[in-house]
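Down below is the structure, laid out as structure tokens.
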Amino acid sequence: VVLGETLVYRASFGGGIARADVWLPRKGAVTRLLGTSSLLVRYRHDAAGTAFADEDLDQDLYAAYGGAFPIMADGARLLGSITTSGAEDHIDHEIAVEAVRSFLGR
């Protein structure tokens with residue numbers, strides 16, 4: 001979980017930590033830059049027949065794969081993001097969304 005640009009919570013469940021260290025910040029950066037889920041960014045590019053890699057962004061810093069979801073206040077103000085990595089991108093997305101739903105349901 002990142003608020004602003006500050007990592008405020010991180011958990012690891014099982015292996016793949018080194019891989020996650022590469023993907024977590026890149027997926028989260030897309031969400032914080034564009035204010036929407038990283039999976040939606042990927043799907044929009046797929047639907048348009050374009051490649052995210054063609055965007056004028058440093059591909060070492062940004063990745064449009066599922067797993068990052070925005071944390072919003074008042075439905076419009078972006079506070080940060082929650083990001084998961086380690087599964088297929090649509091599953092990573094579902095895990096992030098379910099974590100937000102669970103928190104909001106408290």
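FYI, nothing fancy with the structure tokens labels: chains A, B, ... in order, residues from 1 per chain, ligands from 1 as they appear.
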DSSP-assigned alpha helix (DSSP H) members of chain A, reported as a ChimeraX atom specification: /A:17-34,38-48,89-104
Chain A: residues DSSP assigns to strand (DSSP E), reported as a short mmCIF file (atom, residue, chain, number, x, y, z; two decimals) with N, CA, C and O atoms, in the first residue's frame:
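Generated file (part.cif):
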```cif
data_model
loop_
_atom_site.label_atom_id
_atom_site.label_comp_id
_atom_site.auth_asym_id
_atom_site.auth_seq_id
_atom_site.Cartn_x
_atom_site.Cartn_y
_atom_site.Cartn_z
N VAL A 2 0.64 2.13 -0.92
CA VAL A 2 1.39 3.37 -1.03
C VAL A 2 0.42 4.53 -0.88
O VAL A 2 -0.62 4.57 -1.53
N LEU A 3 0.75 5.46 0.01
CA LEU A 3 -0.02 6.70 0.16
C LEU A 3 0.87 7.84 -0.29
O LEU A 3 2.00 7.97 0.20
N THR A 6 4.69 7.26 -0.54
CA THR A 6 5.31 6.59 0.59
C THR A 6 4.74 5.19 0.78
O THR A 6 3.52 5.03 0.92
N LEU A 7 5.59 4.20 0.80
CA LEU A 7 5.19 2.83 1.10
C LEU A 7 4.80 2.77 2.57
O LEU A 7 5.63 3.04 3.44
N ALA A 68 -2.71 -3.28 -9.56
CA ALA A 68 -2.70 -2.00 -8.83
C ALA A 68 -4.08 -1.35 -8.94
O ALA A 68 -4.68 -1.31 -10.01
N PHE A 69 -4.55 -0.86 -7.81
CA PHE A 69 -5.89 -0.27 -7.73
C PHE A 69 -5.79 1.03 -6.94
O PHE A 69 -5.10 1.08 -5.92
N PRO A 70 -6.47 2.09 -7.41
CA PRO A 70 -6.34 3.38 -6.73
C PRO A 70 -7.06 3.41 -5.38
O PRO A 70 -8.08 2.77 -5.19
N ILE A 71 -6.50 4.17 -4.46
CA ILE A 71 -7.15 4.48 -3.19
C ILE A 71 -7.60 5.93 -3.30
O ILE A 71 -6.77 6.83 -3.46
N MET A 72 -8.92 6.11 -3.27
CA MET A 72 -9.50 7.43 -3.51
C MET A 72 -10.20 7.95 -2.26
O MET A 72 -10.66 7.18 -1.43
N ALA A 73 -10.29 9.27 -2.16
CA ALA A 73 -11.09 9.92 -1.12
C ALA A 73 -12.15 10.74 -1.82
O ALA A 73 -11.90 11.35 -2.87
N ARG A 77 -10.42 12.21 -5.27
CA ARG A 77 -9.06 12.60 -4.90
C ARG A 77 -8.22 11.35 -4.69
O ARG A 77 -8.50 10.54 -3.82
N LEU A 78 -7.17 11.20 -5.49
CA LEU A 78 -6.30 10.04 -5.42
C LEU A 78 -5.36 10.18 -4.23
O LEU A 78 -4.61 11.16 -4.12
N LEU A 79 -5.42 9.20 -3.32
CA LEU A 79 -4.55 9.20 -2.15
C LEU A 79 -3.32 8.33 -2.35
O LEU A 79 -2.25 8.59 -1.81
N GLY A 80 -3.47 7.25 -3.13
CA GLY A 80 -2.38 6.31 -3.33
C GLY A 80 -2.87 5.09 -4.06
O GLY A 80 -3.82 5.16 -4.84
N SER A 81 -2.25 3.95 -3.76
CA SER A 81 -2.62 2.72 -4.45
C SER A 81 -2.34 1.51 -3.58
O SER A 81 -1.51 1.55 -2.68
N ILE A 82 -3.07 0.45 -3.88
CA ILE A 82 -2.78 -0.86 -3.32
C ILE A 82 -2.38 -1.74 -4.50
O ILE A 82 -3.03 -1.70 -5.55
N THR A 83 -1.31 -2.48 -4.35
CA THR A 83 -0.78 -3.26 -5.46
C THR A 83 -0.44 -4.67 -5.01
O THR A 83 0.13 -4.86 -3.94
#
```
Interatomic distance (Å, one decimal) between CA of Ala51 (chain A) and CA of Gly28 (chain A):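 Taking CA of Ala51 (chain A) and CA of Gly28 (chain A), their separation equals 18.3 Å.
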